[in-house]
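Structure file input-v5.txt (compact mmCIF, C-alpha atoms and all ligand atoms) is printed below.
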# COMPACT_ATOMS: atom_id res chain seq x y z
CA MET A 1 -136.24 -30.91 75.95
CA THR A 2 -135.38 -34.00 73.91
CA THR A 3 -136.93 -37.23 75.13
CA TYR A 4 -133.63 -38.99 74.57
CA CYS A 5 -132.14 -37.41 77.67
CA HIS A 6 -133.19 -37.88 81.27
CA LYS A 7 -134.52 -34.91 83.24
CA GLY A 8 -131.67 -32.62 84.24
CA TYR A 9 -129.28 -34.05 81.64
CA PHE A 10 -127.79 -30.64 80.84
CA ASP A 11 -128.11 -28.90 84.17
CA HIS A 12 -128.25 -31.27 87.13
CA GLY A 13 -125.05 -32.29 88.90
CA ILE A 14 -123.84 -35.80 89.67
CA GLU A 15 -125.19 -35.64 93.22
CA ASP A 16 -128.75 -35.60 91.82
CA ILE A 17 -128.24 -37.79 88.78
CA ASP A 18 -126.01 -40.57 90.08
CA PRO A 19 -125.82 -40.68 93.88
CA GLN A 20 -124.08 -44.08 93.76
CA VAL A 21 -121.05 -42.77 91.84
CA HIS A 22 -121.18 -39.48 93.74
CA ALA A 23 -120.87 -41.30 97.07
CA MET A 24 -117.77 -43.16 95.86
CA LEU A 25 -116.18 -39.92 94.70
CA GLN A 26 -116.93 -38.32 98.06
CA ASP A 27 -115.39 -41.29 99.88
CA GLU A 28 -112.21 -40.93 97.85
CA GLU A 29 -112.03 -37.20 98.53
CA ASP A 30 -112.46 -37.96 102.21
CA ARG A 31 -109.72 -40.63 102.11
CA GLN A 32 -107.33 -38.16 100.50
CA ASP A 33 -108.25 -35.39 102.93
CA HIS A 34 -107.71 -37.54 106.03
CA GLY A 35 -104.72 -39.62 104.99
CA VAL A 36 -101.05 -38.87 104.42
CA GLU A 37 -100.31 -39.54 100.76
CA LEU A 38 -96.77 -40.82 100.25
CA ILE A 39 -97.09 -42.46 96.84
CA ALA A 40 -94.34 -40.85 94.75
CA SER A 41 -96.43 -40.67 91.58
CA GLU A 42 -99.28 -38.76 93.22
CA ASN A 43 -100.03 -35.15 93.94
CA ILE A 44 -103.03 -32.91 94.64
CA VAL A 45 -104.10 -30.78 91.68
CA SER A 46 -105.43 -27.25 92.01
CA ARG A 47 -109.11 -26.41 91.88
CA ALA A 48 -108.35 -24.69 88.55
CA THR A 49 -107.06 -28.00 87.17
CA LEU A 50 -110.19 -29.80 88.36
CA ASP A 51 -112.24 -27.10 86.64
CA ALA A 52 -110.35 -27.49 83.38
CA LEU A 53 -111.05 -31.23 83.38
CA GLY A 54 -114.78 -30.78 83.73
CA THR A 55 -115.67 -28.54 80.79
CA ALA A 56 -117.35 -28.95 77.40
CA MET A 57 -113.89 -29.38 75.84
CA VAL A 58 -114.39 -33.04 76.80
CA ASN A 59 -116.96 -33.27 73.96
CA LYS A 60 -114.60 -32.22 71.18
CA THR A 61 -112.84 -34.75 68.99
CA VAL A 62 -109.68 -33.76 67.13
CA GLU A 63 -106.90 -35.76 65.53
CA GLY A 64 -103.61 -34.43 64.23
CA TYR A 65 -102.01 -31.15 65.27
CA PRO A 66 -103.11 -27.49 65.44
CA GLY A 67 -103.73 -26.15 61.93
CA HIS A 68 -103.68 -29.70 60.51
CA ARG A 69 -106.66 -31.46 62.02
CA TYR A 70 -108.76 -34.21 60.51
CA TYR A 71 -112.00 -32.74 61.94
CA GLY A 72 -113.67 -29.34 61.76
CA GLY A 73 -114.59 -27.01 64.60
CA ALA A 74 -111.08 -27.21 66.03
CA ARG A 75 -110.28 -23.50 66.33
CA HIS A 76 -110.49 -23.32 70.13
CA ALA A 77 -108.87 -26.73 70.54
CA ASP A 78 -106.01 -25.46 68.36
CA ARG A 79 -105.55 -22.33 70.48
CA LEU A 80 -105.57 -24.44 73.61
CA GLU A 81 -103.05 -27.00 72.39
CA ILE A 82 -100.71 -24.27 71.10
CA LEU A 83 -100.93 -22.52 74.48
CA ALA A 84 -100.04 -25.77 76.31
CA GLN A 85 -97.12 -26.37 73.92
CA GLU A 86 -95.83 -22.81 74.36
CA ARG A 87 -96.03 -23.04 78.15
CA ALA A 88 -94.16 -26.37 78.13
CA LYS A 89 -91.45 -24.87 75.89
CA GLN A 90 -91.11 -21.82 78.10
CA LEU A 91 -91.02 -23.85 81.32
CA PHE A 92 -88.34 -26.25 80.10
CA GLY A 93 -86.48 -23.88 77.76
CA CYS A 94 -86.89 -26.10 74.72
CA ALA A 95 -87.96 -25.67 71.10
CA TYR A 96 -90.21 -28.73 70.80
CA ALA A 97 -93.08 -29.92 73.01
CA ASN A 98 -95.79 -32.47 72.37
CA VAL A 99 -98.60 -32.29 74.94
CA GLN A 100 -100.76 -35.09 73.56
CA PRO A 101 -99.37 -38.26 75.25
CA HIS A 102 -102.06 -39.79 77.44
CA SER A 103 -99.41 -40.96 79.92
CA GLY A 104 -95.67 -41.20 80.47
CA SER A 105 -95.71 -44.75 79.10
CA GLN A 106 -97.38 -43.54 75.90
CA ALA A 107 -94.77 -40.79 75.60
CA ASN A 108 -91.98 -43.36 75.95
CA LEU A 109 -93.59 -45.71 73.47
CA ALA A 110 -93.86 -42.87 70.96
CA VAL A 111 -90.11 -42.26 71.28
CA PHE A 112 -89.48 -45.96 70.53
CA VAL A 113 -91.78 -45.72 67.50
CA ALA A 114 -90.12 -42.50 66.28
CA PHE A 115 -86.56 -43.79 66.31
CA LEU A 116 -86.54 -47.60 66.30
CA LYS A 117 -87.65 -50.60 64.31
CA PRO A 118 -88.81 -53.78 66.07
CA GLY A 119 -85.77 -55.79 67.08
CA ASP A 120 -83.49 -52.77 67.53
CA CYS A 121 -81.33 -52.71 70.62
CA VAL A 122 -82.15 -50.43 73.57
CA LEU A 123 -80.10 -49.95 76.76
CA SER A 124 -82.05 -48.92 79.87
CA MET A 125 -82.08 -49.26 83.63
CA ASP A 126 -83.39 -52.53 85.02
CA LEU A 127 -86.79 -52.30 86.69
CA SER A 128 -85.42 -53.74 89.94
CA ALA A 129 -82.71 -51.06 89.97
CA GLY A 130 -85.29 -48.27 89.65
CA GLY A 131 -86.13 -48.27 85.91
CA HIS A 132 -89.64 -48.27 84.47
CA LEU A 133 -91.88 -50.87 82.82
CA SER A 134 -92.04 -48.80 79.63
CA HIS A 135 -88.24 -48.83 79.31
CA GLY A 136 -88.21 -52.40 78.04
CA SER A 137 -89.48 -54.59 80.86
CA SER A 138 -90.17 -58.10 79.57
CA ALA A 139 -93.79 -57.67 80.69
CA ASN A 140 -94.23 -54.54 78.53
CA LEU A 141 -94.68 -54.26 74.77
CA THR A 142 -91.30 -52.49 74.58
CA GLY A 143 -89.65 -55.55 76.12
CA LYS A 144 -91.37 -57.93 73.74
CA TRP A 145 -90.69 -56.06 70.49
CA PHE A 146 -87.19 -54.68 71.08
CA ASP A 147 -83.83 -56.17 72.00
CA ILE A 148 -83.47 -54.78 75.51
CA ARG A 149 -80.24 -54.71 77.49
CA HIS A 150 -80.25 -53.41 81.05
CA TYR A 151 -77.77 -51.67 83.27
CA GLY A 152 -78.27 -51.76 87.03
CA VAL A 153 -76.98 -49.98 90.11
CA ARG A 154 -74.15 -51.00 92.42
CA GLU A 155 -75.47 -53.32 95.08
CA GLU A 156 -73.21 -51.87 97.78
CA ASP A 157 -74.47 -48.27 97.52
CA GLY A 158 -77.44 -48.32 95.11
CA LEU A 159 -75.76 -45.78 92.80
CA LEU A 160 -75.47 -45.84 89.01
CA ASP A 161 -72.24 -47.29 87.69
CA TYR A 162 -71.43 -45.16 84.63
CA ALA A 163 -68.51 -47.41 83.68
CA GLN A 164 -70.96 -50.32 83.45
CA VAL A 165 -73.34 -48.25 81.28
CA ALA A 166 -70.45 -47.30 78.97
CA ALA A 167 -69.20 -50.91 78.74
CA LEU A 168 -72.69 -52.24 77.93
CA ALA A 169 -73.21 -49.52 75.31
CA GLU A 170 -69.86 -50.37 73.74
CA ARG A 171 -70.68 -54.09 73.69
CA HIS A 172 -74.30 -53.95 72.45
CA LYS A 173 -74.25 -50.78 70.33
CA PRO A 174 -77.86 -49.84 71.22
CA LYS A 175 -79.81 -47.45 68.99
CA LEU A 176 -81.35 -45.84 72.08
CA ILE A 177 -80.02 -45.32 75.62
CA ILE A 178 -82.56 -44.41 78.30
CA CYS A 179 -81.84 -42.80 81.66
CA GLY A 180 -84.31 -42.01 84.40
CA GLY A 181 -86.90 -44.28 85.92
CA SER A 182 -89.43 -44.59 88.68
CA ALA A 183 -87.41 -45.45 91.77
CA TYR A 184 -83.89 -44.05 91.39
CA PRO A 185 -83.57 -41.40 94.12
CA ARG A 186 -80.37 -39.66 93.02
CA ALA A 187 -79.47 -37.02 90.44
CA ILE A 188 -78.26 -38.51 87.17
CA ASP A 189 -75.21 -37.25 85.31
CA PHE A 190 -76.98 -36.43 82.04
CA ALA A 191 -73.86 -35.08 80.34
CA ARG A 192 -72.15 -38.42 81.01
CA PHE A 193 -75.08 -40.32 79.46
CA ARG A 194 -74.96 -38.06 76.40
CA GLN A 195 -71.24 -38.70 76.05
CA ILE A 196 -71.82 -42.47 76.20
CA ALA A 197 -74.56 -42.10 73.57
CA GLU A 198 -72.28 -40.01 71.35
CA ASP A 199 -69.40 -42.47 71.73
CA THR A 200 -71.55 -45.39 70.64
CA GLY A 201 -73.80 -43.71 68.05
CA ALA A 202 -77.00 -44.00 70.12
CA MET A 203 -79.92 -41.64 70.68
CA MET A 204 -80.46 -40.54 74.28
CA LEU A 205 -83.85 -40.46 75.99
CA ALA A 206 -84.15 -38.97 79.48
CA ASP A 207 -87.33 -39.89 81.34
CA MET A 208 -87.77 -37.20 84.00
CA ALA A 209 -91.27 -38.27 85.11
CA HIS A 210 -90.25 -38.41 88.76
CA PHE A 211 -88.38 -35.12 88.95
CA ALA A 212 -89.86 -32.86 86.23
CA GLY A 213 -91.27 -30.50 88.85
CA LEU A 214 -87.86 -30.09 90.47
CA VAL A 215 -86.33 -29.34 87.05
CA ALA A 216 -89.11 -26.80 86.38
CA GLY A 217 -88.44 -25.25 89.79
CA GLY A 218 -84.70 -25.06 89.15
CA VAL A 219 -83.63 -27.32 92.03
CA HIS A 220 -82.52 -30.39 90.06
CA PRO A 221 -80.12 -30.94 87.14
CA ASP A 222 -81.89 -30.40 83.82
CA PRO A 223 -81.77 -33.28 81.31
CA VAL A 224 -83.41 -31.36 78.46
CA PRO A 225 -80.27 -29.72 76.98
CA HIS A 226 -78.39 -33.04 77.14
CA ALA A 227 -80.86 -35.61 75.82
CA HIS A 228 -82.05 -35.86 72.22
CA VAL A 229 -85.52 -36.34 73.69
CA THR A 230 -86.94 -35.98 77.20
CA THR A 231 -90.24 -37.40 78.42
CA ALA A 232 -92.18 -36.40 81.52
CA THR A 233 -95.49 -36.87 83.25
CA THR A 234 -97.58 -33.95 84.40
CA TYR A 235 -99.17 -35.54 87.46
CA LYS A 236 -96.28 -36.16 89.84
CA ASN A 237 -94.31 -33.16 91.08
CA LEU A 238 -95.47 -31.00 88.15
CA ARG A 239 -98.70 -31.14 90.16
CA GLY A 240 -101.13 -31.46 87.28
CA VAL A 241 -103.41 -33.77 85.38
CA ARG A 242 -102.61 -37.40 84.55
CA GLY A 243 -100.74 -37.35 81.24
CA GLY A 244 -97.39 -37.15 79.48
CA LEU A 245 -95.12 -34.73 77.64
CA ILE A 246 -92.38 -35.12 75.04
CA LEU A 247 -89.73 -32.41 74.86
CA ALA A 248 -86.66 -31.79 72.74
CA PRO A 249 -84.11 -28.96 72.79
CA ASP A 250 -84.58 -28.28 69.06
CA SER A 251 -87.28 -28.99 66.51
CA GLY A 252 -85.19 -31.34 64.34
CA PHE A 253 -87.26 -34.39 65.34
CA GLU A 254 -90.65 -32.63 65.28
CA ARG A 255 -92.11 -34.55 62.34
CA LYS A 256 -90.87 -37.93 63.57
CA LEU A 257 -92.04 -37.41 67.13
CA ASN A 258 -95.39 -35.87 66.19
CA SER A 259 -96.26 -38.67 63.80
CA ALA A 260 -95.10 -41.27 66.33
CA VAL A 261 -97.64 -39.91 68.86
CA PHE A 262 -100.41 -39.54 66.23
CA PRO A 263 -101.09 -41.69 64.28
CA GLY A 264 -98.26 -43.89 65.59
CA VAL A 265 -99.50 -44.87 69.04
CA GLN A 266 -102.54 -42.70 69.81
CA GLY A 267 -105.77 -41.56 68.20
CA SER A 268 -107.77 -38.50 69.16
CA VAL A 269 -106.51 -35.98 71.67
CA ILE A 270 -107.94 -35.92 75.22
CA LEU A 271 -108.61 -32.19 75.04
CA ASN A 272 -109.82 -31.64 78.57
CA ALA A 273 -106.52 -33.17 79.70
CA VAL A 274 -104.67 -30.79 77.36
CA ALA A 275 -106.61 -27.91 78.97
CA ALA A 276 -105.59 -29.14 82.40
CA LYS A 277 -101.98 -29.56 81.23
CA ALA A 278 -102.01 -25.92 80.10
CA VAL A 279 -103.25 -24.93 83.57
CA CYS A 280 -100.59 -26.92 85.44
CA LEU A 281 -97.81 -25.67 83.16
CA GLY A 282 -99.06 -22.11 83.73
CA GLU A 283 -99.01 -22.74 87.49
CA ALA A 284 -95.47 -24.12 87.26
CA LEU A 285 -94.39 -20.89 85.52
CA ARG A 286 -95.47 -18.83 88.54
CA PRO A 287 -92.83 -17.76 91.08
CA GLU A 288 -94.54 -19.78 93.88
CA PHE A 289 -93.67 -22.98 92.05
CA LYS A 290 -89.95 -22.50 92.67
CA ALA A 291 -90.66 -22.37 96.40
CA TYR A 292 -92.77 -25.54 96.08
CA ALA A 293 -89.95 -27.39 94.30
CA GLN A 294 -87.44 -26.37 96.98
CA ALA A 295 -89.86 -27.45 99.72
CA VAL A 296 -90.34 -30.86 98.02
CA LEU A 297 -86.58 -31.40 98.04
CA ASP A 298 -86.21 -30.23 101.66
CA ASN A 299 -89.08 -32.46 102.76
CA ALA A 300 -87.75 -35.53 100.94
CA ARG A 301 -84.38 -35.05 102.62
CA GLN A 302 -86.05 -34.54 106.00
CA LEU A 303 -88.11 -37.72 105.66
CA SER A 304 -85.03 -39.63 104.61
CA ALA A 305 -83.01 -38.29 107.58
CA SER A 306 -85.80 -39.08 110.06
CA LEU A 307 -86.11 -42.67 108.81
CA MET A 308 -82.34 -43.20 108.96
CA GLU A 309 -82.24 -41.71 112.48
CA ARG A 310 -84.64 -44.49 113.49
CA GLY A 311 -82.34 -47.14 112.08
CA LEU A 312 -83.98 -47.73 108.71
CA ARG A 313 -81.83 -48.37 105.64
CA VAL A 314 -82.51 -45.70 103.01
CA VAL A 315 -81.11 -46.81 99.65
CA THR A 316 -78.13 -44.59 98.62
CA GLY A 317 -78.29 -42.96 102.07
CA GLY A 318 -80.61 -40.16 100.98
CA THR A 319 -82.21 -38.51 97.98
CA ASP A 320 -81.89 -35.71 95.41
CA THR A 321 -85.47 -36.15 94.20
CA PRO A 322 -89.00 -36.16 95.66
CA LEU A 323 -88.74 -39.92 96.33
CA LEU A 324 -86.79 -42.25 98.56
CA LEU A 325 -86.52 -46.00 98.91
CA VAL A 326 -86.31 -48.00 102.13
CA ASP A 327 -84.69 -51.44 102.11
CA LEU A 328 -86.64 -53.58 104.58
CA ARG A 329 -84.38 -56.62 104.49
CA PRO A 330 -82.47 -55.67 107.66
CA LYS A 331 -85.85 -55.53 109.45
CA GLY A 332 -86.95 -58.91 108.13
CA LEU A 333 -90.04 -57.40 106.49
CA THR A 334 -91.46 -57.46 102.97
CA GLY A 335 -92.74 -54.41 101.09
CA ALA A 336 -96.20 -55.98 100.85
CA GLN A 337 -96.75 -56.50 104.58
CA ALA A 338 -95.24 -53.11 105.45
CA SER A 339 -97.27 -51.11 102.90
CA ASP A 340 -100.51 -52.87 103.93
CA SER A 341 -99.92 -52.04 107.57
CA LEU A 342 -98.97 -48.40 106.82
CA ASP A 343 -102.12 -48.03 104.69
CA ARG A 344 -104.28 -49.22 107.59
CA ALA A 345 -102.51 -46.58 109.70
CA GLY A 346 -103.40 -43.78 107.24
CA LEU A 347 -99.96 -43.57 105.60
CA THR A 348 -100.24 -44.57 101.93
CA CYS A 349 -97.12 -45.64 100.05
CA ASN A 350 -96.13 -48.46 97.69
CA LYS A 351 -94.10 -51.62 97.96
CA ASN A 352 -91.08 -51.44 95.69
CA ALA A 353 -88.16 -53.61 94.66
CA VAL A 354 -84.77 -52.54 96.02
CA PRO A 355 -81.40 -53.22 94.36
CA GLY A 356 -80.60 -56.93 94.56
CA ASP A 357 -84.16 -57.80 95.58
CA THR A 358 -85.05 -61.49 95.34
CA GLN A 359 -88.73 -61.12 96.24
CA PRO A 360 -91.33 -61.16 93.43
CA PRO A 361 -92.86 -57.81 92.31
CA ARG A 362 -96.08 -58.36 94.28
CA VAL A 363 -94.07 -58.81 97.48
CA THR A 364 -90.72 -56.91 97.19
CA SER A 365 -88.30 -56.02 99.99
CA GLY A 366 -88.76 -52.28 99.94
CA LEU A 367 -90.99 -49.26 100.27
CA ARG A 368 -91.02 -46.16 98.08
CA PHE A 369 -92.05 -42.85 99.63
CA GLY A 370 -92.71 -39.53 97.89
CA VAL A 371 -93.37 -36.12 99.40
CA SER A 372 -94.91 -34.20 96.47
CA ALA A 373 -98.54 -34.51 97.61
CA GLY A 374 -97.87 -33.80 101.27
CA THR A 375 -95.84 -30.73 100.34
CA THR A 376 -98.72 -29.41 98.21
CA ARG A 377 -101.09 -29.53 101.18
CA GLY A 378 -98.59 -27.55 103.25
CA PHE A 379 -96.54 -30.09 105.19
CA GLY A 380 -93.06 -28.78 105.94
CA THR A 381 -90.00 -30.41 107.48
CA ALA A 382 -91.59 -30.52 110.96
CA GLU A 383 -94.53 -32.52 109.61
CA PHE A 384 -92.28 -34.84 107.61
CA GLU A 385 -90.13 -35.45 110.67
CA LYS A 386 -93.29 -36.51 112.50
CA ILE A 387 -94.39 -38.67 109.55
CA GLY A 388 -90.95 -40.32 109.53
CA HIS A 389 -91.41 -41.30 113.18
CA LEU A 390 -94.93 -42.60 112.57
CA ILE A 391 -93.61 -44.79 109.73
CA ALA A 392 -90.74 -45.99 111.90
CA ASP A 393 -93.13 -46.81 114.78
CA ILE A 394 -95.23 -49.03 112.51
CA LEU A 395 -92.21 -50.77 110.99
CA ALA A 396 -90.62 -51.32 114.41
CA ALA A 397 -93.81 -52.93 115.76
CA LEU A 398 -94.18 -55.09 112.64
CA SER A 399 -90.54 -56.13 112.79
CA ALA A 400 -90.87 -57.06 116.48
CA GLY A 401 -93.87 -59.24 115.58
CA SER A 402 -96.07 -57.23 117.94
CA SER A 403 -99.32 -59.02 118.79
CA GLY A 404 -101.03 -55.65 119.28
CA MET A 405 -100.48 -54.48 115.69
CA GLU A 406 -104.08 -53.36 115.28
CA ALA A 407 -103.81 -51.03 118.26
CA VAL A 408 -100.48 -49.64 116.98
CA GLU A 409 -102.06 -48.93 113.57
CA GLN A 410 -105.09 -47.29 115.19
CA ARG A 411 -102.94 -45.04 117.36
CA CYS A 412 -101.02 -43.96 114.25
CA PHE A 413 -104.27 -43.44 112.33
CA ALA A 414 -105.52 -41.09 115.06
CA GLN A 415 -102.30 -39.06 114.84
CA VAL A 416 -102.57 -38.91 111.05
CA ARG A 417 -106.12 -37.56 111.34
CA LYS A 418 -104.95 -34.92 113.80
CA LEU A 419 -102.14 -33.88 111.46
CA THR A 420 -104.26 -33.72 108.33
CA GLN A 421 -107.02 -31.70 110.02
CA ASP A 422 -104.65 -28.72 110.08
CA PHE A 423 -103.91 -29.07 106.34
CA PRO A 424 -107.26 -29.58 104.61
CA ILE A 425 -107.46 -30.04 100.84
CA TYR A 426 -110.42 -29.06 98.63
CA GLY A 427 -112.80 -26.79 100.51
CA PRO A 428 -116.01 -25.24 99.17
CA VAL A 429 -115.63 -23.60 95.73
CA LYS A 430 -115.10 -19.82 96.02
N1 LIG B 1 -94.73 -44.97 86.84
C1 LIG B 1 -95.61 -45.23 87.94
C2 LIG B 1 -94.96 -44.86 89.23
O1 LIG B 1 -93.80 -44.54 89.24
O2 LIG B 1 -95.62 -44.91 90.26
C3 LIG B 1 -96.91 -44.50 87.77
O3 LIG B 1 -96.70 -43.16 87.48

Would you put the structure from the file into C-alpha cells?
Amino acid sequence: MTTYCHKGYFDHGIEDIDPQVHAMLQDEEDRQDHGVELIASENIVSRATLDALGTAMVNKTVEGYPGHRYYGGARHADRLEILAQERAKQLFGCAYANVQPHSGSQANLAVFVAFLKPGDCVLSMDLSAGGHLSHGSSANLTGKWFDIRHYGVREEDGLLDYAQVAALAERHKPKLIICGGSAYPRAIDFARFRQIAEDTGAMMLADMAHFAGLVAGGVHPDPVPHAHVTTATTYKNLRGVRGGLILAPDSGFERKLNSAVFPGVQGSVILNAVAAKAVCLGEALRPEFKAYAQAVLDNARQLSASLMERGLRVVTGGTDTPLLLVDLRPKGLTGAQASDSLDRAGLTCNKNAVPGDTQPPRVTSGLRFGVSAGTTRGFGTAEFEKIGHLIADILAALSAGSSGMEAVEQRCFAQVRKLTQDFPIYGPVK
C-alpha cells in the first residue's frame, strides 16, 4: 500500500474515513425523508442513478466528443456518452442530442454562443413573468453581453400574450427568440412561437427544463419538432442527475452546437453525470414513466384545486405543468415570510415573483410549488389534497397574524412526519 494514501483509501467507506461529512449527508437524507419537498426543480433520483454517480468513471478525464477525444483511454467513456445520446434521441424523437451540459444554464449559454455574437438581440420572457436568469436577466452574463428584450404575461390572467411577442419581434428583429422558463405554469403554443420566429427571421429556442418529463411521458405539448433547438435539465421531472441537455430535430446544427458546448463554454465532461443521465433517460423510456408523468400532472392540478378551494389565488387559475404559482398579495403576505414558515412546518418550497410583483427578488409576493418529488415517493391526489390544506392552514394563520405561529407550524410538522412515514425514500441497498 502506498504511503501517500491513508489507511482504507481504496476500500473504506465515508462513514469510517470522514464521519463529519458523513453525518451531514445523513442529516440531509433524513430531512428529505421526513419532509414534503415542493421545490419545483427538485426530484428524488433512483438508487441506480445514485450508483452511477459513485463509480470510477468519476476519475476519467475526456474532452471533445466520442471518437474525437483529446485524451486516451476513452473507449468506455465513448460508449457511455453515445448510449446517453441515443437514449435522449429516442426519448424525444430527435436527431441531435448533446448530453454534456453541466446544467440547464450552461446548455442555454451554449445556444447563445452557437448562434449569436455579443450585442445581438434576443427576445425572451421576463424573469418576473416566469422566465429564467439564463434567458438574458441583467444579473446574468447573457444579459450583460447581449441586447435583451423581454415579453411578459398579461397582468389580469398571467397568460402569455402572443400578439405582444409578435409585435416585439417585429420591432426589435431579434436573432433568437426564447420560450419556456422557470415559473410559467401553462402550456406554450410552440407552433405560434415558431411562426413568429419565421416571420421575423429569428432562431427559436425552447427551454423545457420544467416540463421535459411531461413531454417524455407524452402528457404535455412537445416543443422539439417546433424549435430549432430545445434545452432541458435532467433533474426536475425527468427525475435524474443534475445536468442539462441540448436537443434538435435534425443534425444541421450539430457542429455549431457541439463546439459551443466544448470548447465554447465548458471543458472536460463530467462522466459520472453522463452515466447517471444515461440511467435516467433509460428509466424515462420505460412504460412506468408515462404513468409517472400523468400522475405528476394530476397531482399538480389537485394541489392547485385544493389551494384555490381554500381561497388562495393561483396564477392563471391552474396549471398544465408540474408547477404552480400562488400570488400572496391578497393575503398581505410576502413569499419570504411564507416560505420560511412553511419550511419550519416541514413543507419546503420557494419564494417566487408573480406577474406585476413589486417586491425585490429576495422577498417576492409569491410561492412556487412543484409536485415532481412528492409524486416520485408515491403521493397521489389524496396526499396532495391534504398537503394543499396544510399549506393553506399555515398561510391562513400567518395572514391572520396569529400569535401562536410556532404551535401551528409544529402541528403541521407532526402531520408531515405522519404522512412521510408511509412513503419512505432510500431504504437499505438490496
Ligand atoms: N432554474 C432553477 C429553478 O427553476 O428552480 C433551478 O433549476

Region 64-70 of chain A surroundings by all atoms listed in the file, 10 Å radius, close-in-sequence under 3 positions cut, as a list in words |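 The filter keeps Thr61, Gly73, Ala74, Arg75, His76, Ala77, Asp78, Arg79, Leu80, Glu81, Ile82, Asn98, Gln100, Asn258, Ser259, Val261, Phe262, Pro263, Gly267, Ser268 and Val269 of chain A.
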
What is the distance, in Å and to one decimal place, between CA of Val45 (chain A) and CA of Val241 (chain A)?
-> 7.0 Å

Select the residues contacting ligand LIG 1 (chain B) at a distance of at most 9 Å, based on all atoms listed in the file, then format the selection as a PyMOL selection string.
-> chain A and resi 39-42+103-105+132-134+181-183+209-210+233+235-236+242+350

Distance CA of Ala110 (chain A)-CA of Leu247 (chain A), one decimal place?
-> 11.9 Å

Arg310 (chain A) surroundings by all atoms listed in the file, 9 Å radius, close-in-sequence under 5 positions cut, as a list in words = Ala305, Gly388, His389, Ala392 and Asp393 of chain A

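Ranking A:Arg301, A:Lys351, A:Lys418, A:His150 by their shortest atom-to-atom distance to Ser138 (chain A), with all atoms listed in the file included, puts A:His150 first.
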
How would you write as a list of chain:residue names the residues that get within 7 Å of (-87.4, -38.0, 100.1) in the file's frame, counting all atoms listed in the file?
-> A:Leu297, A:Asn299, A:Ala300, A:Arg301, A:Gln302, A:Leu303, A:Ser304, A:Thr319, A:Thr321, A:Pro322, A:Leu323, A:Leu324, A:Phe369, A:Gly370, A:Val371

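Atom pair CA of Ala191 (chain A) / CA of Pro223 (chain A) has a distance of 8.2 Å (rounded to one decimal).
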
Might you pull out every residue within 8 Å of Phe423 (chain A), with only C-alpha atoms counted and same-chain residues fewer than 5 positions away left off, and present them as an MDAnalysis selection string?
-> chainID A and resid 377:379

Any idea what's packed within 12 Å of Pro428 (chain A), counting only C-alpha atoms, ignoring anything in its chain fewer than 3 positions away? Could you give it as a compact mmCIF listing (two decimals) with C-alpha atoms, in the coordinates of the input?
# COMPACT_ATOMS: atom_id res chain seq x y z
CA ARG A 47 -109.11 -26.41 91.88
CA PRO A 424 -107.26 -29.58 104.61
CA ILE A 425 -107.46 -30.04 100.84

Need the shell around region 332-341 of chain A: protein/DNA/RNA residues with any atom at most 9 Å away, counting all atoms listed in the file. Skip same-chain ones fewer than 6 positions apart. Format as a CSV table (one decimal) with C-alpha atoms, in the coordinates of the input?
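And here's around_6.csv as it stands now:
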chain,number,residue,atom,x,y,z
A,347,LEU,CA,-100.0,-43.6,105.6
A,348,THR,CA,-100.2,-44.6,101.9
A,349,CYS,CA,-97.1,-45.6,100.0
A,350,ASN,CA,-96.1,-48.5,97.7
A,351,LYS,CA,-94.1,-51.6,98.0
A,352,ASN,CA,-91.1,-51.4,95.7
A,353,ALA,CA,-88.2,-53.6,94.7
A,359,GLN,CA,-88.7,-61.1,96.2
A,362,ARG,CA,-96.1,-58.4,94.3
A,363,VAL,CA,-94.1,-58.8,97.5
A,364,THR,CA,-90.7,-56.9,97.2
A,365,SER,CA,-88.3,-56.0,100.0
A,366,GLY,CA,-88.8,-52.3,99.9
A,367,LEU,CA,-91.0,-49.3,100.3
A,368,ARG,CA,-91.0,-46.2,98.1
A,394,ILE,CA,-95.2,-49.0,112.5
A,395,LEU,CA,-92.2,-50.8,111.0
A,398,LEU,CA,-94.2,-55.1,112.6
A,399,SER,CA,-90.5,-56.1,112.8
A,405,MET,CA,-100.5,-54.5,115.7
A,406,GLU,CA,-104.1,-53.4,115.3
A,409,GLU,CA,-102.1,-48.9,113.6

Residues within 12 Å of (-73.6, -48.6, 87.4), counting only C-alpha atoms, listed as number ranges by chain | A: 124-126, 129-130, 150-168, 179, 184, 188-189, 193, 355
